[in-house]
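model24.pdb, holding PDB, C-alpha atoms and all ligand atoms:
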MODEL        1
ATOM      1  CA  MET A   1      63.655  98.105  63.375
ATOM      2  CA  ASP A   2      65.673  99.784  60.598
ATOM      3  CA  ARG A   3      66.367 102.595  63.048
ATOM      4  CA  PHE A   4      68.517 100.274  65.138
ATOM      5  CA  LEU A   5      69.441  97.301  62.979
ATOM      6  CA  THR A   6      71.831  96.837  60.059
ATOM      7  CA  ILE A   7      71.863  93.396  58.509
ATOM      8  CA  GLY A   8      74.879  92.640  56.299
ATOM      9  CA  ASP A   9      74.172  91.938  52.617
ATOM     10  CA  GLU A  10      75.087  88.267  52.703
ATOM     11  CA  VAL A  11      72.911  87.601  55.760
ATOM     12  CA  ALA A  12      70.029  89.666  54.373
ATOM     13  CA  SER A  13      70.049  87.752  51.055
ATOM     14  CA  ALA A  14      70.218  84.421  52.861
ATOM     15  CA  LEU A  15      67.267  85.343  55.091
ATOM     16  CA  ALA A  16      65.238  86.597  52.117
ATOM     17  CA  ALA A  17      65.914  83.330  50.264
ATOM     18  CA  ARG A  18      65.132  81.296  53.419
ATOM     19  CA  LYS A  19      68.608  79.817  53.383
ATOM     20  CA  PRO A  20      70.149  78.578  56.651
ATOM     21  CA  VAL A  21      71.692  81.284  58.841
ATOM     22  CA  VAL A  22      73.531  80.843  62.156
ATOM     23  CA  ALA A  23      73.866  83.720  64.629
ATOM     24  CA  LEU A  24      77.141  83.988  66.583
ATOM     25  CA  GLU A  25      77.903  86.011  69.715
ATOM     26  CA  THR A  26      80.831  88.369  70.387
ATOM     27  CA  THR A  27      81.275  88.532  74.186
ATOM     28  CA  ILE A  28      83.169  85.287  73.922
ATOM     29  CA  LEU A  29      85.644  87.233  71.707
ATOM     30  CA  SER A  30      85.900  90.467  73.664
ATOM     31  CA  HIS A  31      85.646  89.116  77.207
ATOM     32  CA  GLY A  32      86.060  85.345  76.948
ATOM     33  CA  MET A  33      89.289  84.722  75.018
ATOM     34  CA  PRO A  34      92.624  86.533  74.710
ATOM     35  CA  TYR A  35      93.857  88.142  71.476
ATOM     36  CA  PRO A  36      94.824  86.792  68.938
ATOM     37  CA  ARG A  37      93.197  83.413  69.646
ATOM     38  CA  ASN A  38      89.798  85.131  69.856
ATOM     39  CA  LEU A  39      90.015  86.476  66.295
ATOM     40  CA  GLU A  40      91.384  83.252  64.835
ATOM     41  CA  THR A  41      88.500  81.436  66.499
ATOM     42  CA  ALA A  42      85.905  83.897  65.206
ATOM     43  CA  ASN A  43      87.187  83.483  61.651
ATOM     44  CA  ASP A  44      87.417  79.695  61.946
ATOM     45  CA  VAL A  45      83.899  79.476  63.325
ATOM     46  CA  GLU A  46      82.502  81.528  60.436
ATOM     47  CA  ARG A  47      84.315  79.257  57.971
ATOM     48  CA  ILE A  48      82.938  76.129  59.671
ATOM     49  CA  VAL A  49      79.384  77.479  59.453
ATOM     50  CA  ARG A  50      79.893  78.131  55.716
ATOM     51  CA  GLU A  51      81.410  74.695  55.106
ATOM     52  CA  ALA A  52      78.370  73.166  56.763
ATOM     53  CA  GLY A  53      76.129  75.030  54.302
ATOM     54  CA  ALA A  54      74.891  78.020  56.317
ATOM     55  CA  VAL A  55      75.639  81.740  56.423
ATOM     56  CA  PRO A  56      77.303  83.054  59.605
ATOM     57  CA  ALA A  57      75.765  86.131  61.228
ATOM     58  CA  THR A  58      78.135  87.405  63.891
ATOM     59  CA  ILE A  59      76.384  89.995  66.042
ATOM     60  CA  ALA A  60      77.757  93.094  67.808
ATOM     61  CA  ILE A  61      76.880  96.729  68.453
ATOM     62  CA  LEU A  62      79.032  99.150  66.474
ATOM     63  CA  GLY A  63      78.658 102.903  66.787
ATOM     64  CA  GLY A  64      75.296 102.435  68.470
ATOM     65  CA  ARG A  65      73.773 100.168  65.817
ATOM     66  CA  ILE A  66      72.927  96.484  66.055
ATOM     67  CA  ARG A  67      75.047  94.842  63.380
ATOM     68  CA  VAL A  68      74.132  91.379  62.137
ATOM     69  CA  GLY A  69      76.936  89.994  59.966
ATOM     70  CA  LEU A  70      80.339  91.649  60.364
ATOM     71  CA  THR A  71      83.186  92.223  57.901
ATOM     72  CA  ALA A  72      86.660  90.937  58.812
ATOM     73  CA  ALA A  73      87.692  94.469  59.807
ATOM     74  CA  GLU A  74      84.640  94.866  62.050
ATOM     75  CA  LEU A  75      85.314  91.518  63.699
ATOM     76  CA  GLU A  76      88.826  92.728  64.371
ATOM     77  CA  ARG A  77      87.465  95.915  65.936
ATOM     78  CA  VAL A  78      85.354  93.915  68.385
ATOM     79  CA  GLY A  79      88.202  91.481  69.100
ATOM     80  CA  THR A  80      90.907  94.079  69.745
ATOM     81  CA  ALA A  81      89.363  97.302  71.132
ATOM     82  CA  LYS A  82      89.824  97.751  74.868
ATOM     83  CA  ASP A  83      86.631  99.728  75.501
ATOM     84  CA  VAL A  84      84.093  97.257  74.081
ATOM     85  CA  LEU A  85      81.131  96.928  76.460
ATOM     86  CA  LYS A  86      79.755  93.572  77.545
ATOM     87  CA  LEU A  87      76.073  93.898  76.729
ATOM     88  CA  SER A  88      73.186  91.858  78.047
ATOM     89  CA  ARG A  89      69.419  92.623  77.991
ATOM     90  CA  ALA A  90      69.746  95.375  80.591
ATOM     91  CA  ASP A  91      72.378  97.449  78.836
ATOM     92  CA  LEU A  92      71.734  96.822  75.147
ATOM     93  CA  PRO A  93      69.625 100.025  74.871
ATOM     94  CA  TYR A  94      72.404 101.991  76.619
ATOM     95  CA  ALA A  95      74.930 101.143  73.885
ATOM     96  CA  LEU A  96      72.411 102.094  71.192
ATOM     97  CA  ALA A  97      71.355 105.335  72.858
ATOM     98  CA  ALA A  98      74.941 106.403  73.547
ATOM     99  CA  GLY A  99      76.358 105.366  70.164
ATOM    100  CA  LYS A 100      78.871 102.929  71.665
ATOM    101  CA  ASP A 101      80.577  99.700  70.593
ATOM    102  CA  GLY A 102      79.624  96.576  72.457
ATOM    103  CA  ALA A 103      79.841  92.809  72.365
ATOM    104  CA  THR A 104      76.676  90.788  72.890
ATOM    105  CA  THR A 105      76.268  88.038  75.488
ATOM    106  CA  VAL A 106      74.078  85.022  74.894
ATOM    107  CA  ALA A 107      71.046  86.988  76.111
ATOM    108  CA  ALA A 108      71.684  90.047  73.943
ATOM    109  CA  THR A 109      72.631  87.939  70.905
ATOM    110  CA  MET A 110      69.327  86.068  71.218
ATOM    111  CA  ILE A 111      67.430  89.361  71.257
ATOM    112  CA  CYS A 112      69.269  90.678  68.190
ATOM    113  CA  ALA A 113      69.056  87.394  66.277
ATOM    114  CA  HIS A 114      65.313  87.290  66.874
ATOM    115  CA  LEU A 115      64.905  90.914  65.730
ATOM    116  CA  ALA A 116      66.755  89.992  62.531
ATOM    117  CA  GLY A 117      64.627  86.879  61.948
ATOM    118  CA  ILE A 118      67.409  84.355  62.648
ATOM    119  CA  ARG A 119      66.261  81.163  64.325
ATOM    120  CA  VAL A 120      69.481  79.332  65.228
ATOM    121  CA  PHE A 121      72.399  80.570  67.346
ATOM    122  CA  ALA A 122      75.685  78.894  68.284
ATOM    123  CA  THR A 123      77.770  79.816  71.323
ATOM    124  CA  GLY A 124      80.217  78.260  73.797
ATOM    125  CA  GLY A 125      78.470  78.064  77.123
ATOM    126  CA  ILE A 126      75.433  79.800  78.569
ATOM    127  CA  GLY A 127      75.545  81.776  81.778
ATOM    128  CA  GLY A 128      73.741  80.280  84.762
ATOM    129  CA  VAL A 129      73.336  80.265  88.515
ATOM    130  CA  HIS A 130      76.677  81.123  90.143
ATOM    131  CA  ARG A 131      78.099  79.229  93.098
ATOM    132  CA  GLY A 132      77.396  81.144  96.297
ATOM    133  CA  PHE A 133      74.176  82.435  94.756
ATOM    134  CA  GLU A 134      72.610  82.434  98.260
ATOM    135  CA  ARG A 135      74.898  85.354  99.128
ATOM    136  CA  THR A 136      75.246  87.176  95.816
ATOM    137  CA  MET A 137      71.989  86.529  93.899
ATOM    138  CA  ASP A 138      74.249  86.190  90.845
ATOM    139  CA  VAL A 139      72.155  84.497  88.170
ATOM    140  CA  SER A 140      72.962  85.206  84.527
ATOM    141  CA  ALA A 141      70.346  87.087  82.527
ATOM    142  CA  ASP A 142      70.894  84.377  79.891
ATOM    143  CA  LEU A 143      68.461  82.114  81.781
ATOM    144  CA  GLU A 144      65.538  84.566  81.718
ATOM    145  CA  GLU A 145      66.260  85.281  78.078
ATOM    146  CA  LEU A 146      66.088  81.589  77.239
ATOM    147  CA  ALA A 147      62.617  81.598  78.783
ATOM    148  CA  ARG A 148      61.484  84.500  76.581
ATOM    149  CA  THR A 149      63.058  84.539  73.156
ATOM    150  CA  PRO A 150      62.370  81.920  70.493
ATOM    151  CA  VAL A 151      65.731  80.828  69.087
ATOM    152  CA  VAL A 152      67.450  77.461  69.014
ATOM    153  CA  VAL A 153      70.580  77.969  71.128
ATOM    154  CA  VAL A 154      73.412  75.459  70.675
ATOM    155  CA  CYS A 155      75.960  75.408  73.511
ATOM    156  CA  ALA A 156      78.246  72.937  75.299
ATOM    157  CA  GLY A 157      76.256  73.124  78.517
ATOM    158  CA  ALA A 158      77.234  75.492  81.270
ATOM    159  CA  LYS A 159      80.650  75.933  82.804
ATOM    160  CA  ALA A 160      81.292  73.785  85.839
ATOM    161  CA  LEU A 161      82.374  76.933  87.671
ATOM    162  CA  LEU A 162      78.642  77.640  87.933
ATOM    163  CA  ASP A 163      76.235  75.820  90.228
ATOM    164  CA  LEU A 164      75.075  73.276  87.649
ATOM    165  CA  PRO A 165      72.335  71.509  89.669
ATOM    166  CA  ARG A 166      70.686  74.873  90.457
ATOM    167  CA  THR A 167      71.144  76.043  86.864
ATOM    168  CA  LEU A 168      69.263  72.967  85.669
ATOM    169  CA  GLU A 169      66.533  73.479  88.276
ATOM    170  CA  LEU A 170      66.045  77.076  87.223
ATOM    171  CA  LEU A 171      65.901  76.149  83.534
ATOM    172  CA  GLU A 172      63.126  73.712  84.392
ATOM    173  CA  THR A 173      61.256  76.314  86.436
ATOM    174  CA  LEU A 174      61.505  78.795  83.567
ATOM    175  CA  GLY A 175      60.185  76.230  81.115
ATOM    176  CA  VAL A 176      63.376  76.026  79.083
ATOM    177  CA  PRO A 177      63.931  72.599  77.532
ATOM    178  CA  ALA A 178      67.580  71.547  78.058
ATOM    179  CA  ILE A 179      68.156  68.929  75.391
ATOM    180  CA  ALA A 180      71.388  66.950  75.285
ATOM    181  CA  TYR A 181      72.543  66.091  71.792
ATOM    182  CA  GLY A 182      73.382  62.400  71.503
ATOM    183  CA  SER A 183      73.934  61.989  75.238
ATOM    184  CA  ASP A 184      72.043  61.235  78.441
ATOM    185  CA  GLU A 185      74.200  63.561  80.489
ATOM    186  CA  PHE A 186      74.175  67.334  80.862
ATOM    187  CA  PRO A 187      77.662  68.356  79.630
ATOM    188  CA  ALA A 188      79.871  70.699  81.662
ATOM    189  CA  PHE A 189      81.489  72.830  78.938
ATOM    190  CA  TRP A 190      85.172  71.748  79.132
ATOM    191  CA  SER A 191      84.076  68.239  80.192
ATOM    192  CA  ARG A 192      81.576  65.800  78.700
ATOM    193  CA  GLN A 193      80.438  64.718  82.144
ATOM    194  CA  SER A 194      78.795  66.692  84.930
ATOM    195  CA  GLY A 195      77.299  63.838  86.916
ATOM    196  CA  LEU A 196      73.866  65.298  86.103
ATOM    197  CA  ARG A 197      71.302  63.711  83.858
ATOM    198  CA  ALA A 198      70.041  65.860  80.999
ATOM    199  CA  PRO A 199      66.280  66.428  81.199
ATOM    200  CA  LEU A 200      65.832  65.557  77.501
ATOM    201  CA  ARG A 201      67.827  63.906  74.742
ATOM    202  CA  LEU A 202      67.638  64.127  70.936
ATOM    203  CA  ASP A 203      69.932  62.439  68.442
ATOM    204  CA  SER A 204      69.714  64.306  65.150
ATOM    205  CA  PRO A 205      69.332  67.814  63.708
ATOM    206  CA  ALA A 206      66.017  66.696  62.193
ATOM    207  CA  GLU A 207      64.616  65.725  65.602
ATOM    208  CA  ILE A 208      65.774  69.027  67.053
ATOM    209  CA  ALA A 209      64.096  70.994  64.258
ATOM    210  CA  ARG A 210      60.880  69.013  64.750
ATOM    211  CA  PHE A 211      60.936  69.757  68.476
ATOM    212  CA  ALA A 212      61.476  73.491  67.896
ATOM    213  CA  ASN A 213      58.718  73.596  65.278
ATOM    214  CA  VAL A 214      56.214  71.899  67.595
ATOM    215  CA  LYS A 215      57.159  74.261  70.405
ATOM    216  CA  ARG A 216      56.558  77.261  68.136
ATOM    217  CA  ASP A 217      53.300  75.870  66.737
ATOM    218  CA  LEU A 218      52.008  75.382  70.288
ATOM    219  CA  GLY A 219      52.574  79.076  70.858
ATOM    220  CA  LEU A 220      55.157  78.438  73.583
ATOM    221  CA  THR A 221      57.626  81.270  73.863
ATOM    222  CA  GLY A 222      61.291  80.901  74.652
ATOM    223  CA  ALA A 223      64.312  79.054  73.387
ATOM    224  CA  THR A 224      65.113  75.476  72.590
ATOM    225  CA  LEU A 225      68.407  74.898  74.385
ATOM    226  CA  ILE A 226      70.677  72.263  72.861
ATOM    227  CA  VAL A 227      73.578  71.114  75.025
ATOM    228  CA  ASN A 228      76.213  69.540  72.810
ATOM    229  CA  PRO A 229      79.037  67.702  74.591
ATOM    230  CA  ILE A 230      82.588  68.766  73.703
ATOM    231  CA  PRO A 231      84.250  66.137  71.429
ATOM    232  CA  GLU A 232      86.097  63.484  73.422
ATOM    233  CA  PRO A 233      89.626  64.250  72.142
ATOM    234  CA  ASP A 234      89.243  67.887  73.196
ATOM    235  CA  GLU A 235      87.732  67.516  76.638
ATOM    236  CA  ILE A 236      89.354  68.110  80.010
ATOM    237  CA  PRO A 237      87.964  65.548  82.463
ATOM    238  CA  SER A 238      85.724  67.056  85.147
ATOM    239  CA  THR A 239      87.930  65.676  87.934
ATOM    240  CA  GLU A 240      90.874  67.619  86.512
ATOM    241  CA  MET A 241      88.835  70.825  86.050
ATOM    242  CA  ALA A 242      87.441  70.684  89.589
ATOM    243  CA  ARG A 243      90.601  71.909  91.328
ATOM    244  CA  HIS A 244      91.175  74.763  88.859
ATOM    245  CA  ILE A 245      87.587  75.856  89.412
ATOM    246  CA  GLU A 246      87.840  75.669  93.216
ATOM    247  CA  ILE A 247      90.889  77.917  93.206
ATOM    248  CA  ALA A 248      89.426  80.435  90.753
ATOM    249  CA  VAL A 249      86.084  80.708  92.553
ATOM    250  CA  SER A 250      87.635  81.204  95.978
ATOM    251  CA  GLU A 251      90.122  83.773  94.661
ATOM    252  CA  ALA A 252      87.348  85.704  92.912
ATOM    253  CA  GLN A 253      85.455  85.820  96.173
ATOM    254  CA  LYS A 254      88.494  87.080  98.081
ATOM    255  CA  ALA A 255      89.180  89.700  95.412
ATOM    256  CA  GLY A 256      85.562  90.886  95.687
ATOM    257  CA  VAL A 257      84.847  90.474  91.959
ATOM    258  CA  SER A 258      81.180  91.134  91.224
ATOM    259  CA  GLY A 259      78.620  91.851  88.515
ATOM    260  CA  LYS A 260      79.586  91.540  84.864
ATOM    261  CA  ALA A 261      83.226  91.071  85.715
ATOM    262  CA  VAL A 262      82.696  87.668  87.365
ATOM    263  CA  THR A 263      82.537  85.411  84.305
ATOM    264  CA  PRO A 264      85.463  87.022  82.393
ATOM    265  CA  TRP A 265      87.564  87.070  85.575
ATOM    266  CA  LEU A 266      87.001  83.378  86.285
ATOM    267  CA  LEU A 267      87.649  82.365  82.671
ATOM    268  CA  ASP A 268      90.938  84.235  82.655
ATOM    269  CA  ARG A 269      92.030  82.776  85.989
ATOM    270  CA  ILE A 270      91.240  79.261  84.808
ATOM    271  CA  LEU A 271      93.073  79.880  81.543
ATOM    272  CA  GLN A 272      96.184  80.715  83.562
ATOM    273  CA  SER A 273      95.953  77.835  85.986
ATOM    274  CA  THR A 274      95.371  75.263  83.219
ATOM    275  CA  GLY A 275      98.308  76.687  81.267
ATOM    276  CA  GLY A 276      96.084  77.501  78.297
ATOM    277  CA  LYS A 277      94.384  74.082  78.108
ATOM    278  CA  SER A 278      90.964  75.497  79.004
ATOM    279  CA  LEU A 279      91.214  77.918  76.070
ATOM    280  CA  GLU A 280      91.965  75.130  73.589
ATOM    281  CA  ALA A 281      88.965  73.176  74.859
ATOM    282  CA  ASN A 282      86.838  76.324  74.621
ATOM    283  CA  VAL A 283      87.855  76.865  70.976
ATOM    284  CA  ALA A 284      87.134  73.228  70.087
ATOM    285  CA  LEU A 285      83.674  73.208  71.637
ATOM    286  CA  VAL A 286      82.616  76.455  69.955
ATOM    287  CA  LYS A 287      83.569  74.996  66.568
ATOM    288  CA  ASN A 288      81.684  71.820  67.367
ATOM    289  CA  ASN A 289      78.594  73.857  68.275
ATOM    290  CA  ALA A 290      78.822  75.979  65.116
ATOM    291  CA  ARG A 291      78.809  72.839  62.977
ATOM    292  CA  LEU A 292      75.741  71.394  64.688
ATOM    293  CA  ALA A 293      73.911  74.739  64.563
ATOM    294  CA  ALA A 294      74.482  74.948  60.792
ATOM    295  CA  LEU A 295      73.005  71.470  60.329
ATOM    296  CA  ILE A 296      69.974  72.369  62.459
ATOM    297  CA  ALA A 297      69.469  75.637  60.543
ATOM    298  CA  ALA A 298      69.368  73.639  57.307
ATOM    299  CA  GLU A 299      66.407  71.557  58.472
ATOM    300  CA  ARG A 300      63.034  72.225  56.878
ATOM    301  CA  GLY A 301      60.349  74.281  58.512
ATOM    302  CA  LEU A 302      62.593  76.006  61.031
TER     303      LEU A 302
HETATM  304  N1  LIG B 401      81.125  81.249  78.204
HETATM  305  C1  LIG B 401      82.431  81.356  77.821
HETATM  306  N2  LIG B 401      82.926  82.554  77.519
HETATM  307  C2  LIG B 401      82.169  83.671  77.611
HETATM  308  C3  LIG B 401      80.786  83.563  78.014
HETATM  309  C4  LIG B 401      80.323  82.334  78.305
HETATM  310  O1  LIG B 401      83.143  80.383  77.748
HETATM  311  O2  LIG B 401      82.671  84.749  77.318
HETATM  312  C5  LIG B 401      79.935  84.804  78.026
HETATM  313  C6  LIG B 401      78.668  84.582  77.203
HETATM  314  O3  LIG B 401      78.515  85.699  76.342
HETATM  315  C7  LIG B 401      77.565  84.566  78.246
HETATM  316  C8  LIG B 401      78.129  85.466  79.289
HETATM  317  O4  LIG B 401      76.323  85.000  77.748
HETATM  318  O5  LIG B 401      79.515  85.124  79.344
HETATM  319  C9  LIG B 401      77.464  85.320  80.637
HETATM  320  O6  LIG B 401      77.885  86.364  81.462
HETATM  321  P1  LIG B 401      77.125  86.616  82.841
HETATM  322  O7  LIG B 401      77.439  85.410  83.679
HETATM  323  O8  LIG B 401      77.709  87.878  83.367
HETATM  324  O9  LIG B 401      75.658  86.732  82.514
HETATM  325 MN    MN B 402      76.112  87.815  86.793
ENDMDL
END

Since I need it in another form, could you write the structure as structure tokens?
Ligand code: PSU
Ligand code: MN
Amino acid sequence: MDRFLTIGDEVASALAARKPVVALETTILSHGMPYPRNLETANDVERIVREAGAVPATIAILGGRIRVGLTAAELERVGTAKDVLKLSRADLPYALAAGKDGATTVAATMICAHLAGIRVFATGGIGGVHRGFERTMDVSADLEELARTPVVVVCAGAKALLDLPRTLELLETLGVPAIAYGSDEFPAFWSRQSGLRAPLRLDSPAEIARFANVKRDLGLTGATLIVNPIPEPDEIPSTEMARHIEIAVSEAQKAGVSGKAVTPWLLDRILQSTGGKSLEANVALVKNNARLAALIAAERGL
């Protein structure tokens, strides 16, 4: 893998010493949050992972190489450049072959983390089945990746702008355990409540590590998906989010937004209509996920 992969010194030493490491994605920076809040968040999240006793491994493609662990200047490059690609499983090889810069989605970050030997990954929200899927067939490649690649993925559920009941159904079909942390309900990203019951519940990092270890020892491929509700003080109630989502989804449809552009477009539209509140919630939940991921990574046997 040396042909494609550069692991930063701090991450490489931590992995060699079997110290806890947490992978972090970059699409959330390049396509999910505006500058400069994206960079502040990236730096804060790395600090939170360190404070919780793990080493952060932020992942991106720079100059056609998979980079695991970025310097502050490299983070800035991903967070500010206008021509950064949004890379998922399908286009990861394109960026490498063409020597480009790119940010990794949940799917691509899972692939790169696994190549580097990292077992825990923190993000904001996973992609899922989009509303109107009957017409568009828009289902995020994140779901298939969760079925394939063995990492513990800590997120705040899926955004309520997706079709959450169908997303949960598809996760079940694909054999992906969706485990709510300390809750009976599947969280909806900005909101703690979705009205949907989580298929599974675990209440401590130790239980999560035990689950992931048993899954691995059974020879079952794929991720362990932890859905961690946004902290109460930071949430936007689902009833309040519903109208912002309705507007954004119907406008996206009218504007004919498709493909990779859908998720960034909707996030930006919702950011505007909530007057920035959705961004603050997004920042808070990513930090909350980073903290939990660091605690899970510190568990034995993972
Ligand atoms: N959730 C966010 N912001 C984001 C994303 C999710 O709040 O930027 C990104 C993640 O990287 C996720 C991707 O993997 O969007 C999903 O995109 P798509 O629906 O095109 O697969
Ligand atoms: Mn899509």

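If all atoms listed in the file are the atoms counted, then among A:Gly64, A:Pro34, A:Gly69, A:Pro237 the closest residue to ligand LIG 401 (chain B) is A:Pro34.
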
Just want the residues within 8 Å of ligand LIG 401 (chain B), written as a PDB file with C-alpha atoms, in the frame of the given file, counting only C-alpha atoms and all ligand atoms.
ATOM      1  CA  GLU A  25      77.903  86.011  69.715  1.00  0.00           C
ATOM      2  CA  THR A  26      80.831  88.369  70.387  1.00  0.00           C
ATOM      3  CA  THR A  27      81.275  88.532  74.186  1.00  0.00           C
ATOM      4  CA  ILE A  28      83.169  85.287  73.922  1.00  0.00           C
ATOM      5  CA  LEU A  29      85.644  87.233  71.707  1.00  0.00           C
ATOM      6  CA  SER A  30      85.900  90.467  73.664  1.00  0.00           C
ATOM      7  CA  HIS A  31      85.646  89.116  77.207  1.00  0.00           C
ATOM      8  CA  GLY A  32      86.060  85.345  76.948  1.00  0.00           C
ATOM      9  CA  MET A  33      89.289  84.722  75.018  1.00  0.00           C
ATOM     10  CA  SER A  88      73.186  91.858  78.047  1.00  0.00           C
ATOM     11  CA  THR A 104      76.676  90.788  72.890  1.00  0.00           C
ATOM     12  CA  THR A 105      76.268  88.038  75.488  1.00  0.00           C
ATOM     13  CA  VAL A 106      74.078  85.022  74.894  1.00  0.00           C
ATOM     14  CA  ALA A 107      71.046  86.988  76.111  1.00  0.00           C
ATOM     15  CA  ALA A 108      71.684  90.047  73.943  1.00  0.00           C
ATOM     16  CA  THR A 123      77.770  79.816  71.323  1.00  0.00           C
ATOM     17  CA  GLY A 124      80.217  78.260  73.797  1.00  0.00           C
ATOM     18  CA  GLY A 125      78.470  78.064  77.123  1.00  0.00           C
ATOM     19  CA  ILE A 126      75.433  79.800  78.569  1.00  0.00           C
ATOM     20  CA  GLY A 127      75.545  81.776  81.778  1.00  0.00           C
ATOM     21  CA  GLY A 128      73.741  80.280  84.762  1.00  0.00           C
ATOM     22  CA  HIS A 130      76.677  81.123  90.143  1.00  0.00           C
ATOM     23  CA  ASP A 138      74.249  86.190  90.845  1.00  0.00           C
ATOM     24  CA  VAL A 139      72.155  84.497  88.170  1.00  0.00           C
ATOM     25  CA  SER A 140      72.962  85.206  84.527  1.00  0.00           C
ATOM     26  CA  ALA A 141      70.346  87.087  82.527  1.00  0.00           C
ATOM     27  CA  ASP A 142      70.894  84.377  79.891  1.00  0.00           C
ATOM     28  CA  ALA A 158      77.234  75.492  81.270  1.00  0.00           C
ATOM     29  CA  LYS A 159      80.650  75.933  82.804  1.00  0.00           C
ATOM     30  CA  PHE A 189      81.489  72.830  78.938  1.00  0.00           C
ATOM     31  CA  GLY A 259      78.620  91.851  88.515  1.00  0.00           C
ATOM     32  CA  LYS A 260      79.586  91.540  84.864  1.00  0.00           C
ATOM     33  CA  ALA A 261      83.226  91.071  85.715  1.00  0.00           C
ATOM     34  CA  VAL A 262      82.696  87.668  87.365  1.00  0.00           C
ATOM     35  CA  THR A 263      82.537  85.411  84.305  1.00  0.00           C
ATOM     36  CA  PRO A 264      85.463  87.022  82.393  1.00  0.00           C
ATOM     37  CA  LEU A 267      87.649  82.365  82.671  1.00  0.00           C
ATOM     38  CA  ASN A 282      86.838  76.324  74.621  1.00  0.00           C
TER      39      ASN A 282
END

Requested in this report: Output the residue selection produced by the PyMOL selection byres (((chain A and resi 167) around 10) and not hetatm) on the file above, formatted as a list in words.
Outcome: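 With the PyMOL selection byres (((chain A and resi 167) around 10) and not hetatm) on this model, the match is Gly127, Gly128, Val129, His130, Arg131, Val139, Ser140, Leu143, Ala158, Leu162, Asp163, Leu164, Pro165, Arg166, Leu168, Glu169, Leu170, Leu171, Glu172 and Thr173 of chain A.
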
Would you export the selected residues with C-alpha atoms as a CSV table (one decimal), keeping the file's coordinate frame, please?
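Okay, this is what ended up in out01.csv:
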chain,number,residue,atom,x,y,z
A,127,GLY,CA,75.5,81.8,81.8
A,128,GLY,CA,73.7,80.3,84.8
A,129,VAL,CA,73.3,80.3,88.5
A,130,HIS,CA,76.7,81.1,90.1
A,131,ARG,CA,78.1,79.2,93.1
A,139,VAL,CA,72.2,84.5,88.2
A,140,SER,CA,73.0,85.2,84.5
A,143,LEU,CA,68.5,82.1,81.8
A,158,ALA,CA,77.2,75.5,81.3
A,162,LEU,CA,78.6,77.6,87.9
A,163,ASP,CA,76.2,75.8,90.2
A,164,LEU,CA,75.1,73.3,87.6
A,165,PRO,CA,72.3,71.5,89.7
A,166,ARG,CA,70.7,74.9,90.5
A,168,LEU,CA,69.3,73.0,85.7
A,169,GLU,CA,66.5,73.5,88.3
A,170,LEU,CA,66.0,77.1,87.2
A,171,LEU,CA,65.9,76.1,83.5
A,172,GLU,CA,63.1,73.7,84.4
A,173,THR,CA,61.3,76.3,86.4

Using the chain letters and residue numbers of this document, give as a PDB file with C-alpha atoms, in the frame of the given file the residues selected by the PyMOL selection byres (((chain A and resi 71) around 12) and not hetatm).
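Result written to out.pdb:
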ATOM      1  CA  ILE A   7      71.863  93.396  58.509  1.00  0.00           C
ATOM      2  CA  GLY A   8      74.879  92.640  56.299  1.00  0.00           C
ATOM      3  CA  ASP A   9      74.172  91.938  52.617  1.00  0.00           C
ATOM      4  CA  GLU A  10      75.087  88.267  52.703  1.00  0.00           C
ATOM      5  CA  VAL A  11      72.911  87.601  55.760  1.00  0.00           C
ATOM      6  CA  ALA A  42      85.905  83.897  65.206  1.00  0.00           C
ATOM      7  CA  ASN A  43      87.187  83.483  61.651  1.00  0.00           C
ATOM      8  CA  GLU A  46      82.502  81.528  60.436  1.00  0.00           C
ATOM      9  CA  PRO A  56      77.303  83.054  59.605  1.00  0.00           C
ATOM     10  CA  ALA A  57      75.765  86.131  61.228  1.00  0.00           C
ATOM     11  CA  THR A  58      78.135  87.405  63.891  1.00  0.00           C
ATOM     12  CA  ILE A  59      76.384  89.995  66.042  1.00  0.00           C
ATOM     13  CA  ALA A  60      77.757  93.094  67.808  1.00  0.00           C
ATOM     14  CA  LEU A  62      79.032  99.150  66.474  1.00  0.00           C
ATOM     15  CA  ARG A  67      75.047  94.842  63.380  1.00  0.00           C
ATOM     16  CA  VAL A  68      74.132  91.379  62.137  1.00  0.00           C
ATOM     17  CA  GLY A  69      76.936  89.994  59.966  1.00  0.00           C
ATOM     18  CA  LEU A  70      80.339  91.649  60.364  1.00  0.00           C
ATOM     19  CA  ALA A  72      86.660  90.937  58.812  1.00  0.00           C
ATOM     20  CA  ALA A  73      87.692  94.469  59.807  1.00  0.00           C
ATOM     21  CA  GLU A  74      84.640  94.866  62.050  1.00  0.00           C
ATOM     22  CA  LEU A  75      85.314  91.518  63.699  1.00  0.00           C
ATOM     23  CA  GLU A  76      88.826  92.728  64.371  1.00  0.00           C
ATOM     24  CA  ARG A  77      87.465  95.915  65.936  1.00  0.00           C
ATOM     25  CA  VAL A  78      85.354  93.915  68.385  1.00  0.00           C
TER      26      VAL A  78
END

Requested in this report: Can you work out which one of A:Met110, A:Met137, A:Val45, A:Leu146 has the shortest atom-to-atom distance to ligand MN 402 (chain B), counting only C-alpha atoms and all ligand atoms?
Outcome: A:Met137

Query raised in the report: Given the choices A:Gly102, A:Gly157, A:Gly132, A:Pro93, which gets closest to ligand MN 402 (chain B) if the distance is worked out from only C-alpha atoms and all ligand atoms?
Result: A:Gly132

Query raised in the report: So which one's closest to ligand MN 402 (chain B), A:Glu207, A:Val257, A:Ile111, A:Ser183? Using only C-alpha atoms and all ligand atoms, please.
Result: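 Looking only at the distances to ligand MN 402 (chain B), the closest residue turns out to be A:Val257.
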
Report summary line: Here CA of Leu96 (chain A) and CA of Leu115 (chain A) stand apart by 14.5 Å

Report task. Might you spell out which residues the PyMOL selection byres (((chain A and resi 66) around 6) and not hetatm) would select in the displayed file, as a PyMOL selection string? Result -> chain A and resi 4-5+61+65+67
